[in-house]
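Working notes, beginning with the structure itself.
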Amino acid sequence: MIDRTIKRSLGQMMKGVQVVAASHEGVTRAYTSHWVCQVSFEEPIVMASVSPKHDTHPLMLGSGRFAVSLLAGDQIVEGQYFSYPGRKFLRAFDEYLTDEAGWPVVPNSIAWLGCEIDHVISGTYDHDLVFARVVEVGEGRLKAPPLLYSSRLGWRISGDPAREKGVSVRDHLLAELEVRNET
């Protein structure tokens, strides 16, 4: 069990929400996640954290691939739908999961990524860490604000930019560093 202070602190982390889906031998399952991230600049590699107890897990490993749909702020229904264990839904409703070029994806999402598994770290934690190469992508509503989640704050929609338009924080910091180095 995680210490309460640690849990509350970790709960402040705000992350984008995705639906991870896999199909294998005629069965498709999906789950809502906020634990998918890009892990490389040089290569298009993502890491997905998935519980071995989840019914999507064996489909991901069996097929060697999965799709990640990046949800927009107006897709909380889709996010909530796939946050329930798959056994409650004997099949995914067509309006929430469709086939795009052989990948099970959420329609009208910001984008989707078709991923082929490279490496799995399992047995160490309560979730397996699945590293995969992005081999296909579908652009959707790239300008839509993403759906975000924090276990402390719940569902959110990203909003206003954090910095003023036309103002470069980086340039300001470099100028400040130059001034300090001169003295």
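Please note that chains go A, B, ... in the order of the structure tokens, that every chain numbers its residues from 1, and that ligands are numbered from 1 in the order shown.
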Near range 35-43 of chain A, within 10 Å and counting only C-alpha atoms, which residues show up once chain neighbours fewer than 3 positions away are dropped, as a PDB file with N, CA and C atoms, in the first residue's frame?
ATOM      1  N   LYS A  15      -2.132  14.122 -16.511  1.00  0.00           N
ATOM      2  CA  LYS A  15      -1.662  13.450 -17.710  1.00  0.00           C
ATOM      3  C   LYS A  15      -2.773  13.365 -18.751  1.00  0.00           C
ATOM      4  N   GLY A  16      -2.369  13.258 -20.013  1.00  0.00           N
ATOM      5  CA  GLY A  16      -3.321  13.063 -21.087  1.00  0.00           C
ATOM      6  C   GLY A  16      -4.000  11.710 -20.964  1.00  0.00           C
ATOM      7  N   VAL A  17      -5.212  11.612 -21.505  1.00  0.00           N
ATOM      8  CA  VAL A  17      -5.998  10.375 -21.433  1.00  0.00           C
ATOM      9  C   VAL A  17      -6.014   9.704 -22.805  1.00  0.00           C
ATOM     10  N   GLN A  18      -5.769   8.397 -22.793  1.00  0.00           N
ATOM     11  CA  GLN A  18      -5.773   7.621 -24.024  1.00  0.00           C
ATOM     12  C   GLN A  18      -6.647   6.390 -23.846  1.00  0.00           C
ATOM     13  N   VAL A  19      -7.063   5.824 -24.964  1.00  0.00           N
ATOM     14  CA  VAL A  19      -7.686   4.505 -24.958  1.00  0.00           C
ATOM     15  C   VAL A  19      -6.717   3.577 -25.675  1.00  0.00           C
ATOM     16  N   VAL A  20      -6.329   2.515 -24.984  1.00  0.00           N
ATOM     17  CA  VAL A  20      -5.417   1.509 -25.530  1.00  0.00           C
ATOM     18  C   VAL A  20      -6.278   0.307 -25.908  1.00  0.00           C
ATOM     19  N   THR A  32      -9.066   2.517 -20.733  1.00  0.00           N
ATOM     20  CA  THR A  32      -8.679   3.919 -20.623  1.00  0.00           C
ATOM     21  C   THR A  32      -7.414   4.003 -19.788  1.00  0.00           C
ATOM     22  N   VAL A  46       6.835   4.399 -27.717  1.00  0.00           N
ATOM     23  CA  VAL A  46       5.952   4.732 -26.602  1.00  0.00           C
ATOM     24  C   VAL A  46       6.024   3.608 -25.578  1.00  0.00           C
ATOM     25  N   MET A  47       5.609   3.930 -24.357  1.00  0.00           N
ATOM     26  CA  MET A  47       5.528   2.941 -23.292  1.00  0.00           C
ATOM     27  C   MET A  47       4.109   2.991 -22.740  1.00  0.00           C
ATOM     28  N   ALA A  48       3.494   1.836 -22.656  1.00  0.00           N
ATOM     29  CA  ALA A  48       2.157   1.723 -22.075  1.00  0.00           C
ATOM     30  C   ALA A  48       2.254   0.855 -20.835  1.00  0.00           C
ATOM     31  N   SER A  49       1.612   1.285 -19.768  1.00  0.00           N
ATOM     32  CA  SER A  49       1.554   0.520 -18.535  1.00  0.00           C
ATOM     33  C   SER A  49       0.204  -0.195 -18.505  1.00  0.00           C
ATOM     34  N   VAL A  50       0.237  -1.520 -18.371  1.00  0.00           N
ATOM     35  CA  VAL A  50      -1.011  -2.288 -18.395  1.00  0.00           C
ATOM     36  C   VAL A  50      -0.955  -3.392 -17.340  1.00  0.00           C
ATOM     37  N   VAL A  68      -3.290   3.179 -29.769  1.00  0.00           N
ATOM     38  CA  VAL A  68      -3.496   4.187 -28.734  1.00  0.00           C
ATOM     39  C   VAL A  68      -4.280   5.337 -29.361  1.00  0.00           C
ATOM     40  N   LEU A  70      -5.657   9.076 -28.708  1.00  0.00           N
ATOM     41  CA  LEU A  70      -5.490  10.235 -27.837  1.00  0.00           C
ATOM     42  C   LEU A  70      -6.815  10.975 -27.773  1.00  0.00           C
ATOM     43  N   LEU A 129       5.225  -3.000 -18.178  1.00  0.00           N
ATOM     44  CA  LEU A 129       5.612  -1.850 -18.993  1.00  0.00           C
ATOM     45  C   LEU A 129       5.870  -2.368 -20.401  1.00  0.00           C
ATOM     46  N   VAL A 130       5.052  -1.912 -21.337  1.00  0.00           N
ATOM     47  CA  VAL A 130       5.094  -2.410 -22.708  1.00  0.00           C
ATOM     48  C   VAL A 130       5.670  -1.312 -23.599  1.00  0.00           C
ATOM     49  N   PHE A 131       6.846  -1.575 -24.162  1.00  0.00           N
ATOM     50  CA  PHE A 131       7.506  -0.619 -25.052  1.00  0.00           C
ATOM     51  C   PHE A 131       7.184  -1.006 -26.488  1.00  0.00           C
ATOM     52  N   ALA A 132       6.773  -0.019 -27.275  1.00  0.00           N
ATOM     53  CA  ALA A 132       6.344  -0.325 -28.638  1.00  0.00           C
ATOM     54  C   ALA A 132       6.751   0.786 -29.607  1.00  0.00           C
ATOM     55  N   ARG A 133       6.981   0.369 -30.829  1.00  0.00           N
ATOM     56  CA  ARG A 133       7.331   1.298 -31.909  1.00  0.00           C
ATOM     57  C   ARG A 133       6.047   1.748 -32.608  1.00  0.00           C
ATOM     58  N   VAL A 134       5.911   3.042 -32.817  1.00  0.00           N
ATOM     59  CA  VAL A 134       4.770   3.573 -33.564  1.00  0.00           C
ATOM     60  C   VAL A 134       5.045   3.322 -35.044  1.00  0.00           C
TER      61      VAL A 134
END
Within 12 Å of range 146-151 of chain A, counting only C-alpha atoms, which residues show up once you throw out same-chain ones fewer than 6 positions away? Write them as a PyMOL selection string, please. chain A and resi 7-19+32-35+69-80+109-111+140+157-160
Contact check, range 36-110 of chain A to range 116-120 of chain A, at most 9 Å, counting only C-alpha atoms, closest pairs as CSV:
residue,atom,partner,partner_atom,distance
A:Ile45,CA,A:Asp118,CA,9.0
A:Met60,CA,A:Ile117,CA,8.2
A:Leu61,CA,A:Ile117,CA,7.9
A:Ser63,CA,A:Glu116,CA,8.9
A:Gly64,CA,A:Ile117,CA,5.3
A:Arg65,CA,A:Glu116,CA,4.3
A:Phe66,CA,A:Glu116,CA,6.6
A:Ala67,CA,A:Glu116,CA,8.7
Just want the 9 Å neighbourhood of range 25-30 of chain A, counted on only C-alpha atoms, with same-chain residues fewer than 2 positions away dropped. Output as JSON, numbers by chain. {"A": [19, 20, 21, 22, 23, 32, 55, 56, 57, 59, 62, 63, 82, 83, 85, 86, 91, 92, 97, 104]}
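Between CA of Thr183 in chain A and CA of Val167 in chain A there is a distance of 25.5 Å.
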